[in-house]
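A.B. asks: The file below is target-v3.json, JSON, C-alpha atoms:
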[["chain", "number", "residue", "atom", "x", "y", "z"],
["O", 170, "MET", "CA", 192.72, 52.05, -83.80],
["O", 171, "LEU", "CA", 195.48, 53.50, -81.64],
["O", 172, "ARG", "CA", 194.90, 56.94, -83.15],
["O", 173, "THR", "CA", 191.24, 56.60, -82.15],
["O", 174, "LEU", "CA", 192.30, 55.84, -78.57],
["O", 175, "LEU", "CA", 194.52, 58.90, -78.50],
["O", 176, "LEU", "CA", 191.65, 61.08, -79.64],
["O", 177, "LEU", "CA", 189.43, 59.52, -76.98],
["O", 178, "ALA", "CA", 191.95, 59.95, -74.15],
["O", 179, "PRO", "CA", 190.53, 63.27, -72.83],
["O", 180, "LEU", "CA", 187.02, 61.82, -72.83],
["O", 181, "LEU", "CA", 188.14, 58.65, -71.06],
["O", 182, "ALA", "CA", 190.08, 60.60, -68.45],
["O", 183, "SER", "CA", 186.91, 62.54, -67.65],
["O", 184, "GLY", "CA", 185.29, 59.27, -66.56],
["O", 185, "VAL", "CA", 182.95, 58.86, -69.54],
["O", 186, "PRO", "CA", 182.90, 55.26, -70.85],
["O", 187, "GLY", "CA", 184.35, 54.92, -74.33],
["O", 188, "PRO", "CA", 183.15, 52.81, -77.27],
["O", 189, "SER", "CA", 183.99, 49.16, -77.88],
["O", 190, "LEU", "CA", 187.52, 48.74, -79.23],
["O", 191, "PRO", "CA", 188.18, 45.40, -80.96],
["O", 192, "GLY", "CA", 191.13, 43.49, -79.55],
["O", 193, "LEU", "CA", 192.17, 46.09, -76.98],
["O", 194, "ARG", "CA", 191.34, 46.80, -73.38],
["O", 195, "ALA", "CA", 192.33, 50.07, -71.84],
["O", 196, "SER", "CA", 192.59, 51.62, -68.42],
["O", 197, "VAL", "CA", 193.04, 55.38, -68.28],
["O", 198, "PRO", "CA", 193.99, 56.80, -64.88],
["O", 199, "GLY", "CA", 194.27, 60.59, -64.96],
["O", 200, "ARG", "CA", 196.95, 62.27, -62.87],
["O", 201, "PRO", "CA", 198.06, 65.89, -62.56],
["O", 202, "ALA", "CA", 201.26, 66.79, -64.36],
["O", 203, "SER", "CA", 204.27, 67.01, -62.07],
["O", 204, "ALA", "CA", 205.94, 69.59, -64.33],
["O", 205, "PRO", "CA", 204.79, 72.00, -67.03],
["O", 206, "SER", "CA", 204.39, 70.41, -70.45],
["O", 207, "PRO", "CA", 205.93, 71.99, -73.55],
["O", 208, "SER", "CA", 204.08, 74.81, -75.21],
["O", 209, "GLY", "CA", 202.23, 73.94, -78.38],
["O", 210, "ASP", "CA", 201.56, 70.30, -79.20],
["O", 211, "SER", "CA", 201.56, 67.62, -76.52],
["O", 212, "VAL", "CA", 204.05, 64.91, -75.65],
["O", 213, "VAL", "CA", 202.88, 61.34, -76.21],
["O", 214, "VAL", "CA", 205.13, 58.47, -75.13],
["O", 215, "PHE", "CA", 204.50, 54.82, -76.07],
["O", 216, "LEU", "CA", 206.31, 52.42, -73.74],
["O", 217, "VAL", "CA", 206.72, 48.64, -74.01],
["O", 218, "ARG", "CA", 208.85, 45.92, -72.57],
["O", 219, "HIS", "CA", 210.98, 44.05, -75.10],
["O", 220, "ALA", "CA", 209.22, 41.17, -76.85],
["O", 221, "GLU", "CA", 209.74, 37.47, -76.06],
["O", 222, "LYS", "CA", 213.42, 36.63, -75.56],
["O", 223, "SER", "CA", 215.35, 33.42, -76.19],
["O", 224, "ASP", "CA", 216.32, 31.31, -73.19],
["O", 225, "ASP", "CA", 219.88, 30.73, -74.39],
["O", 226, "GLY", "CA", 221.62, 31.22, -71.05],
["O", 227, "SER", "CA", 223.37, 34.42, -72.14],
["O", 228, "LYS", "CA", 223.12, 37.86, -70.56],
["O", 229, "ASP", "CA", 222.08, 39.39, -73.89],
["O", 230, "PRO", "CA", 219.70, 36.97, -75.62],
["O", 231, "PRO", "CA", 218.00, 37.67, -78.96],
["O", 232, "LEU", "CA", 214.26, 37.57, -79.58],
["O", 233, "THR", "CA", 212.47, 34.31, -80.27],
["O", 234, "ALA", "CA", 210.33, 33.85, -83.38],
["O", 235, "ALA", "CA", 207.32, 34.89, -81.27],
["O", 236, "GLY", "CA", 209.24, 37.95, -80.14],
["O", 237, "ARG", "CA", 210.09, 38.96, -83.70],
["O", 238, "ALA", "CA", 206.43, 38.56, -84.63],
["O", 239, "ARG", "CA", 205.43, 40.77, -81.69],
["O", 240, "ALA", "CA", 207.96, 43.43, -82.70],
["O", 241, "ALA", "CA", 206.48, 43.43, -86.20],
["O", 242, "ARG", "CA", 203.00, 43.75, -84.71],
["O", 243, "LEU", "CA", 204.13, 46.71, -82.62],
["O", 244, "ALA", "CA", 205.34, 48.45, -85.78],
["O", 245, "ARG", "CA", 201.90, 47.93, -87.34],
["O", 246, "VAL", "CA", 200.11, 49.20, -84.22],
["O", 247, "LEU", "CA", 202.19, 52.40, -84.27],
["O", 248, "ALA", "CA", 202.25, 52.83, -88.05],
["O", 249, "ASP", "CA", 199.94, 55.86, -88.14],
["O", 250, "VAL", "CA", 200.89, 57.72, -84.96],
["O", 251, "GLY", "CA", 203.71, 59.80, -86.47],
["O", 252, "LEU", "CA", 206.64, 58.77, -84.29],
["O", 253, "THR", "CA", 209.21, 61.50, -83.67],
["O", 254, "ALA", "CA", 211.95, 59.31, -82.13],
["O", 255, "VAL", "CA", 212.52, 55.74, -80.96],
["O", 256, "TYR", "CA", 214.51, 54.88, -77.82],
["O", 257, "SER", "CA", 215.81, 51.51, -76.61],
["O", 258, "THR", "CA", 218.15, 50.21, -73.97],
["O", 259, "ASP", "CA", 221.40, 48.84, -75.41],
["O", 260, "TYR", "CA", 220.48, 45.14, -75.53],
["O", 261, "ARG", "CA", 219.76, 42.84, -78.48],
["O", 262, "ARG", "CA", 216.23, 42.05, -77.33],
["O", 263, "THR", "CA", 215.20, 45.68, -76.82],
["O", 264, "ARG", "CA", 216.82, 46.98, -79.99],
["O", 265, "ALA", "CA", 215.21, 44.18, -82.01],
["O", 266, "THR", "CA", 211.81, 45.09, -80.54],
["O", 267, "ALA", "CA", 212.25, 48.75, -81.45],
["O", 268, "GLU", "CA", 213.79, 48.37, -84.91],
["O", 269, "PRO", "CA", 210.68, 47.44, -86.97],
["O", 270, "ALA", "CA", 208.77, 50.50, -85.73],
["O", 271, "ALA", "CA", 211.84, 52.70, -86.25],
["O", 272, "ARG", "CA", 212.33, 51.46, -89.82],
["O", 273, "ALA", "CA", 208.65, 52.03, -90.62],
["O", 274, "ALA", "CA", 209.00, 55.63, -89.43],
["O", 275, "ALA", "CA", 212.41, 56.13, -91.16],
["O", 276, "LEU", "CA", 214.07, 56.72, -87.77],
["O", 277, "ASP", "CA", 217.22, 55.46, -86.07],
["O", 278, "VAL", "CA", 217.01, 53.70, -82.71],
["O", 279, "ARG", "CA", 218.55, 55.84, -79.97],
["O", 280, "THR", "CA", 219.89, 54.18, -76.83],
["O", 281, "TYR", "CA", 219.30, 55.35, -73.26],
["O", 282, "ASP", "CA", 220.41, 54.32, -69.78],
["O", 283, "PRO", "CA", 217.58, 52.46, -68.01],
["O", 284, "LYS", "CA", 219.21, 53.22, -64.65],
["O", 285, "ARG", "CA", 218.52, 56.94, -65.16],
["O", 286, "PRO", "CA", 214.77, 57.12, -65.95],
["O", 287, "ALA", "CA", 214.50, 60.72, -64.77],
["O", 288, "ASP", "CA", 217.03, 61.84, -67.40],
["O", 289, "LEU", "CA", 215.08, 60.32, -70.29],
["O", 290, "ALA", "CA", 211.75, 61.50, -68.86],
["O", 291, "SER", "CA", 213.07, 65.07, -68.67],
["O", 292, "ARG", "CA", 214.33, 64.88, -72.25],
["O", 293, "LEU", "CA", 210.99, 63.58, -73.55],
["O", 294, "ARG", "CA", 208.89, 66.08, -71.61],
["O", 295, "SER", "CA", 210.95, 69.01, -72.89],
["O", 296, "THR", "CA", 210.02, 68.66, -76.58],
["O", 297, "ALA", "CA", 206.58, 68.04, -78.09],
["O", 298, "GLY", "CA", 206.42, 64.85, -80.13],
["O", 299, "ARG", "CA", 205.47, 61.18, -80.17],
["O", 300, "TYR", "CA", 208.05, 58.76, -78.85],
["O", 301, "LEU", "CA", 208.46, 54.99, -78.59],
["O", 302, "VAL", "CA", 210.53, 53.71, -75.66],
["O", 303, "VAL", "CA", 211.47, 50.03, -75.28],
["O", 304, "GLY", "CA", 212.76, 48.79, -71.95],
["O", 305, "HIS", "CA", 212.39, 45.96, -69.45],
["O", 306, "SER", "CA", 209.79, 44.63, -67.02],
["O", 307, "ASN", "CA", 211.42, 46.43, -64.09],
["O", 308, "THR", "CA", 212.34, 49.68, -65.90],
["O", 309, "VAL", "CA", 209.30, 50.52, -68.03],
["O", 310, "PRO", "CA", 206.95, 51.11, -65.06],
["O", 311, "GLU", "CA", 209.62, 53.30, -63.43],
["O", 312, "LEU", "CA", 209.86, 55.42, -66.58],
["O", 313, "VAL", "CA", 206.07, 55.75, -66.72],
["O", 314, "ARG", "CA", 206.20, 57.00, -63.13],
["O", 315, "ALA", "CA", 209.05, 59.40, -63.97],
["O", 316, "LEU", "CA", 206.89, 60.87, -66.75],
["O", 317, "GLY", "CA", 204.13, 61.56, -64.20],
["O", 318, "GLY", "CA", 201.98, 58.63, -65.29],
["O", 319, "ASP", "CA", 200.41, 55.73, -63.41],
["O", 320, "PRO", "CA", 202.15, 52.40, -64.19],
["O", 321, "GLY", "CA", 199.47, 50.30, -62.51],
["O", 322, "PRO", "CA", 200.23, 46.70, -61.47],
["O", 323, "ASP", "CA", 203.76, 45.33, -61.52],
["O", 324, "MET", "CA", 204.86, 43.76, -64.81],
["O", 325, "SER", "CA", 205.73, 40.08, -64.46],
["O", 326, "GLU", "CA", 208.59, 38.29, -66.22],
["O", 327, "ALA", "CA", 206.00, 36.42, -68.29],
["O", 328, "GLU", "CA", 204.22, 39.55, -69.55],
["O", 329, "TYR", "CA", 205.21, 40.92, -72.95],
["O", 330, "ASP", "CA", 202.02, 42.48, -74.33],
["O", 331, "ARG", "CA", 201.54, 45.60, -72.19],
["O", 332, "LEU", "CA", 201.61, 48.92, -74.07],
["O", 333, "TYR", "CA", 201.54, 52.21, -72.17],
["O", 334, "VAL", "CA", 200.50, 55.46, -73.80],
["O", 335, "VAL", "CA", 201.44, 58.42, -71.59],
["O", 336, "SER", "CA", 200.00, 61.73, -72.87],
["O", 337, "ILE", "CA", 201.34, 64.93, -71.35],
["O", 338, "GLY", "CA", 199.34, 68.07, -72.06],
["O", 339, "GLY", "CA", 198.61, 71.44, -70.56],
["O", 340, "THR", "CA", 196.10, 70.03, -68.06],
["O", 341, "GLY", "CA", 198.03, 67.02, -66.82],
["O", 342, "VAL", "CA", 199.09, 63.47, -67.61],
["O", 343, "THR", "CA", 196.86, 60.67, -68.92],
["O", 344, "THR", "CA", 198.00, 57.04, -68.90],
["O", 345, "LEU", "CA", 196.46, 54.45, -71.21],
["O", 346, "ARG", "CA", 197.32, 50.83, -70.35],
["O", 347, "LEU", "CA", 196.74, 48.61, -73.37],
["O", 348, "HIS", "CA", 197.69, 45.15, -74.59],
["O", 349, "TYR", "CA", 198.79, 44.34, -78.14],
["O", 350, "GLY", "CA", 199.57, 41.23, -80.16],
["O", 351, "GLU", "CA", 199.15, 37.71, -78.84],
["O", 352, "ARG", "CA", 198.23, 37.43, -75.19],
["O", 353, "SER", "CA", 201.23, 36.67, -73.00],
["O", 354, "GLY", "CA", 201.32, 34.95, -69.62],
["O", 355, "GLY", "CA", 201.07, 37.10, -66.54],
["O", 356, "GLY", "CA", 199.00, 39.86, -68.15],
["O", 357, "THR", "CA", 196.64, 41.56, -65.72],
["O", 358, "MET", "CA", 194.04, 42.64, -68.28],
["O", 359, "GLY", "CA", 193.63, 39.55, -70.47],
["O", 360, "HIS", "CA", 191.94, 39.81, -73.84],
["O", 361, "PRO", "CA", 191.03, 36.98, -76.20],
["O", 362, "ALA", "CA", 192.67, 37.71, -79.55],
["O", 363, "GLY", "CA", 190.29, 39.59, -81.79],
["O", 364, "ALA", "CA", 187.57, 39.90, -79.16],
["O", 365, "GLY", "CA", 185.76, 43.16, -78.60],
["O", 366, "ALA", "CA", 186.63, 45.07, -75.44],
["O", 367, "ARG", "CA", 185.35, 48.20, -73.78],
["O", 368, "ALA", "CA", 187.64, 51.04, -72.77],
["O", 369, "GLN", "CA", 187.39, 51.77, -69.07],
["O", 370, "ALA", "CA", 188.47, 54.90, -67.22],
["O", 371, "THR", "CA", 189.37, 55.84, -63.68],
["O", 372, "GLN", "CA", 190.33, 59.32, -62.52],
["O", 373, "GLY", "CA", 193.26, 59.78, -60.14]]
Go ahead and express the file in the form of structure tokens.

C.D. replies:
Amino acid sequence: MLRTLLLLAPLLASGVPGPSLPGLRASVPGRPASAPSPSGDSVVVFLVRHAEKSDDGSKDPPLTAAGRARAARLARVLADVGLTAVYSTDYRRTRATAEPAARAAALDVRTYDPKRPADLASRLRSTAGRYLVVGHSNTVPELVRALGGDPGPDMSEAEYDRLYVVSIGGTGVTTLRLHYGERSGGGTMGHPAGAGARAQATQG
């Protein structure tokens, strides 16, 4: 399904309504690239916040059972996209969210500094590939913005199901805002599990 969305991204960005997509709802704001993209194939970056974390009072909590289930779901969602590399901040909850997808793609999880989004954005934009980046509610939108994408509404502390797909090609940047797995509180584009949804597009 995600591969279908990627193929549809240019059509959606042109403002043409897409087909019904079971269990997903997408918004696709187009925006001009702020820097030249690599020659050859495009750069596609998948960005998520870490999955549900335990409320154990520590500064570095692990995932809950629901969080581990969401991380496994993320690996299934990305199973056929051909990930090139997986990046995570250096926390238990983010690494644990990234690890199932990394294992499925036979990749190691690389760590990055969430306080320096421009550095990671520059690294990703410089080499064609498909990347997963796991961060936090306050850092993922900033990284989307650093990539030239449109992060949309703020991400609340209760929201765990937002999945960005930022595609950087020769003509600009396209941002898909999706939701995956069980619906979490605070989501701005709610979707009943398993229900059909129509992809929507706006042009920036």

A.B. asks: Could you work out how far CA of Thr308 in chain O lies from CA of Leu332 in chain O, giving the answer in Å with one decimal?

C.D. replies: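 These two atoms are separated by 13.5 Å.
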
A.B. asks: I need the residue nearest Pro269 in chain O from this list: O:Val303, O:Val212, O:Ala315, O:Leu347. Use all atoms listed in the file for the distance.

C.D. replies: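 Ranking O:Val303, O:Val212, O:Ala315, O:Leu347 by distance to Pro269 in chain O, first place goes to O:Val303.
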
A.B. asks: Quick one: of O:Leu247, O:Ala287, O:Ala235, O:Ala220, who's nearest to Arg264 in chain O, counting only C-alpha atoms?

C.D. replies: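 Going through O:Leu247, O:Ala287, O:Ala235, O:Ala220 one by one, the smallest distance to Arg264 in chain O is for O:Ala220.
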
A.B. asks: Using the file's own x, y and z axes, what box holds all listed atoms of range 337-344 of chain O with 4 Å on each side, keeping edges along x, y and z, and what are its centre and edge lengths in Å to one decimal, as AutoDock Vina command-line options?

C.D. replies:
--center_x 198.7 --center_y 64.2 --center_z -69.4 --size_x 13.2 --size_y 22.4 --size_z 13.2

A.B. asks: Using all atoms listed in the file, pick whichever of O:Val217, O:Val334, O:Leu316, O:Val278 has the shortest atom-to-atom distance to Ser257 in chain O.

C.D. replies: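 Among the listed residues, O:Val278 lies closest to Ser257 in chain O.
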
A.B. asks: Report the distance between CA of Leu301 in chain O and CA of Asp282 in chain O in Å, rounded to one decimal place.

C.D. replies: 14.9 Å

A.B. asks: Figure out the distance between CA of Leu243 in chain O and CA of Tyr329 in chain O, please, to one decimal in Å.

C.D. replies: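 Result for CA of Tyr329 in chain O versus CA of Leu243 in chain O: 11.3 Å, one decimal.
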
A.B. asks: What would the list of residues within 6 Å of (214.0, 59.1, -78.0) (file frame) look like as an mmCIF file with C-alpha atoms, in the frame of the given file, if only C-alpha atoms are what count?

C.D. replies:
data_model
loop_
_atom_site.group_PDB
_atom_site.id
_atom_site.type_symbol
_atom_site.label_atom_id
_atom_site.label_comp_id
_atom_site.auth_asym_id
_atom_site.auth_seq_id
_atom_site.Cartn_x
_atom_site.Cartn_y
_atom_site.Cartn_z
ATOM 1 C CA ALA O 254 211.950 59.310 -82.130
ATOM 2 C CA VAL O 255 212.520 55.740 -80.960
ATOM 3 C CA TYR O 256 214.510 54.880 -77.820
ATOM 4 C CA ARG O 279 218.550 55.840 -79.970
#
